[in-house]
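One structure is given below, encoded as structure tokens.
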Amino acid sequence: MVNLSWQTLSFGADFFGMIAFLLTLVGSFRCDFLKFTSVDGSFTDHFGVWSFAQWAFISNGQEVYVYEGCFHYSDSVVIDSKWMAARVFSAIVLFGGTLFFMLNAYSACVGYDKRVEHSQACFGVCQLLLSLFAGLTLLILDSNLCKNNVLLGELLNKILFNDQCELSTGANCFISATVFWFMAALCSLSASRSKKEEADEAGEGLDEPLIHGP
């Protein structure tokens with residue numbers, strides 16, 4: 001088994017954590033967390049945790065142009081408990097990821113040695129929680145947005161869609177973020193343990209007498 005140094009593990013935690021943060025950032029603000037595909041497979045409509053994709057058809061008499069944009073849900077849309085929970089979890093992960101990014105920037109000034117010695121274990125626990133919360137964002141797949149989407153018929157009433165929603169880019173970003181937060185947590189906890197073991201070995205070496213008797 002390869003025995004990695006605490007410096008390598010700490011760098012791995014930062015690397016995986018940054019990827020997880022970027023995936024969380026992308027997944028949070030996209031309006032394509034899940035999608036519905038038409039029965040004939042020719043059309044797809046997307047919905048996000050905070051906003052949805054809306055299509056606009058504009059014709060000049062000869063050609064038809066299709067535009068897509070992201071719009072926030074109106075107050076008339078009923079947000080059930082699981083959808084609300086998904087919103088809360090996504091907000092927590094986004095806030096935690098932003099905090100992680102800021103602490104990483106600060107630790108670049110402090111240096112790896114001090115940070116690993118004092119707070120890497122705490123980082124690992126927080127990253128485990130972020131991994132859990134990122135995964136719980138998928139509760140939205142069991143909400144009204146997926147199982148009873150009234151917007152689908154209102155926006156495009158001439159197109160027949162399948163009843164079952166599917167994962168789209170936003171959901172895939174959060175699934176990937178869940179994995180990367182977990183990997184960052186493992187690296188952080190391993191770095192903390194490796195640093196402690198190194199300090200214990202150094203302490204044992206200092207206990208030995210410098211001058212041996214005859």
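By order of appearance in the structure tokens: chains A, B, ..., then residues from 1 within every chain, and ligands from 1 in the order shown.
The neighbours of Ala171 in chain A here are the residues that come within 10 Å of it, using only C-alpha atoms and leaving out any residue fewer than 5 positions away in the same chain; they are Thr24, Gly27, Ser28, Arg30, Asp32, Phe33, Leu34, Lys35, Gly48, Val49, Ala134, Gly135, Thr137, Leu138, Ile140, Leu141, Glu166, Ser176 and Ala177 of chain A.
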Let me see the file: selected residues, N, CA, C and O atoms, as an mmCIF file, in the first residue's frame.
```cif
data_model
loop_
_atom_site.group_PDB
_atom_site.id
_atom_site.type_symbol
_atom_site.label_atom_id
_atom_site.label_comp_id
_atom_site.auth_asym_id
_atom_site.auth_seq_id
_atom_site.Cartn_x
_atom_site.Cartn_y
_atom_site.Cartn_z
ATOM 1 N N THR A 24 -20.558 22.328 -7.797
ATOM 2 C CA THR A 24 -21.687 22.840 -7.020
ATOM 3 C C THR A 24 -22.148 24.184 -7.559
ATOM 4 O O THR A 24 -23.354 24.448 -7.680
ATOM 5 N N GLY A 27 -23.928 23.554 -10.949
ATOM 6 C CA GLY A 27 -25.207 22.870 -10.765
ATOM 7 C C GLY A 27 -26.261 23.724 -10.091
ATOM 8 O O GLY A 27 -27.457 23.572 -10.354
ATOM 9 N N SER A 28 -25.831 24.655 -9.225
ATOM 10 C CA SER A 28 -26.785 25.477 -8.474
ATOM 11 C C SER A 28 -27.475 26.506 -9.355
ATOM 12 O O SER A 28 -28.664 26.788 -9.174
ATOM 13 N N ARG A 30 -27.684 26.584 -12.786
ATOM 14 C CA ARG A 30 -28.252 26.158 -14.069
ATOM 15 C C ARG A 30 -29.747 25.886 -13.918
ATOM 16 O O ARG A 30 -30.221 25.521 -12.836
ATOM 17 N N ASP A 32 -31.286 23.543 -15.585
ATOM 18 C CA ASP A 32 -31.522 22.218 -16.187
ATOM 19 C C ASP A 32 -31.088 21.112 -15.223
ATOM 20 O O ASP A 32 -30.289 20.251 -15.569
ATOM 21 N N PHE A 33 -31.622 21.169 -13.997
ATOM 22 C CA PHE A 33 -31.331 20.118 -13.024
ATOM 23 C C PHE A 33 -31.971 18.798 -13.453
ATOM 24 O O PHE A 33 -31.400 17.729 -13.329
ATOM 25 N N LEU A 34 -33.189 18.877 -13.959
ATOM 26 C CA LEU A 34 -33.883 17.708 -14.498
ATOM 27 C C LEU A 34 -34.582 18.095 -15.791
ATOM 28 O O LEU A 34 -34.710 19.273 -16.117
ATOM 29 N N LYS A 35 -35.026 17.095 -16.522
ATOM 30 C CA LYS A 35 -35.620 17.359 -17.831
ATOM 31 C C LYS A 35 -36.776 16.412 -18.114
ATOM 32 O O LYS A 35 -36.884 15.334 -17.527
ATOM 33 N N GLY A 48 -34.841 23.651 -13.184
ATOM 34 C CA GLY A 48 -33.797 23.678 -12.177
ATOM 35 C C GLY A 48 -34.368 23.805 -10.782
ATOM 36 O O GLY A 48 -35.581 23.906 -10.593
ATOM 37 N N VAL A 49 -33.482 23.818 -9.802
ATOM 38 C CA VAL A 49 -33.911 23.947 -8.406
ATOM 39 C C VAL A 49 -34.494 25.334 -8.152
ATOM 40 O O VAL A 49 -35.501 25.485 -7.455
ATOM 41 N N ALA A 134 -25.003 17.567 -0.568
ATOM 42 C CA ALA A 134 -25.057 17.591 -2.031
ATOM 43 C C ALA A 134 -25.884 16.419 -2.555
ATOM 44 O O ALA A 134 -26.670 16.561 -3.499
ATOM 45 N N GLY A 135 -25.715 15.252 -1.931
ATOM 46 C CA GLY A 135 -26.511 14.094 -2.331
ATOM 47 C C GLY A 135 -27.979 14.260 -2.004
ATOM 48 O O GLY A 135 -28.864 13.846 -2.775
ATOM 49 N N THR A 137 -29.682 16.876 -2.113
ATOM 50 C CA THR A 137 -30.327 17.788 -3.064
ATOM 51 C C THR A 137 -31.160 17.014 -4.084
ATOM 52 O O THR A 137 -32.133 17.528 -4.633
ATOM 53 N N LEU A 138 -30.809 15.755 -4.295
ATOM 54 C CA LEU A 138 -31.551 14.913 -5.245
ATOM 55 C C LEU A 138 -32.950 14.549 -4.745
ATOM 56 O O LEU A 138 -33.696 13.869 -5.441
ATOM 57 N N ILE A 140 -35.195 16.416 -4.797
ATOM 58 C CA ILE A 140 -36.079 17.106 -5.730
ATOM 59 C C ILE A 140 -36.677 16.138 -6.763
ATOM 60 O O ILE A 140 -37.733 16.408 -7.345
ATOM 61 N N LEU A 141 -36.033 15.003 -6.958
ATOM 62 C CA LEU A 141 -36.556 14.004 -7.902
ATOM 63 C C LEU A 141 -37.822 13.341 -7.389
ATOM 64 O O LEU A 141 -38.528 12.666 -8.136
ATOM 65 N N GLU A 166 -36.129 13.074 -15.952
ATOM 66 C CA GLU A 166 -34.795 12.475 -16.069
ATOM 67 C C GLU A 166 -33.749 13.438 -15.524
ATOM 68 O O GLU A 166 -33.966 14.643 -15.462
ATOM 69 N N SER A 176 -21.681 14.418 -9.155
ATOM 70 C CA SER A 176 -20.219 14.445 -9.218
ATOM 71 C C SER A 176 -19.638 15.195 -8.028
ATOM 72 O O SER A 176 -18.622 14.788 -7.458
ATOM 73 N N ALA A 177 -20.284 16.303 -7.639
ATOM 74 C CA ALA A 177 -19.817 17.072 -6.483
ATOM 75 C C ALA A 177 -19.875 16.237 -5.214
ATOM 76 O O ALA A 177 -18.987 16.346 -4.353
#
```
* Provide the CA of Gly17 in chain A to CA of Met102 in chain A distance in Å, to one decimal place. =>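 CA of Gly17 in chain A sits 11.8 Å away from CA of Met102 in chain A.
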* To do: For Ala121 in chain A, list every protein, DNA or RNA residue within 8 Å, evaluated using only C-alpha atoms, and leave out those in the same chain fewer than 4 positions away; present the list as a ChimeraX atom specification.
  => /A:116,125,188-189,192
* To do: Using DSSP on the backbone coordinates, identify all residues within range 11-114 of chain A classified as alpha helix (DSSP H); present the result as JSON, numbers by chain.
  => {"A": [11, 12, 13, 14, 15, 16, 17, 18, 19, 20, 21, 22, 23, 24, 25, 26, 27, 28, 29, 81, 82, 83, 84, 85, 86, 87, 88, 89, 90, 91, 92, 93, 94, 95, 96, 97, 98, 99, 100, 101, 102, 103, 104, 105, 106, 107, 108, 109, 110, 112, 113, 114]}
* To do: Work out how far apart CA of Met18 in chain A and CA of Leu186 in chain A are and give it in Å to one decimal.
  => 14.4 Å
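Distance annotation: of A:Phe21, A:Thr37, A:Phe11, A:Leu128, the residue with the minimal separation from Gln164 in chain A is A:Thr37; atom set is only C-alpha atoms.
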* What is the distance, in Å and to one decimal place, between CA of Leu139 in chain A and CA of Cys70 in chain A? -> 21.6 Å
* For each of A:Leu25, A:Cys31, A:Leu167, A:Ile79, take the minimum atom-to-atom distance to Phe95 in chain A, counting only C-alpha atoms, then give the residue where this is smallest. =>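 Checking each candidate against Phe95 in chain A, we get A:Leu25 as the closest.
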* Structure fact -> Among A:Ile175, A:Val39, A:Cys187, A:Ala91, Ile159 in chain A is approached most closely, using only C-alpha atoms, by A:Val39
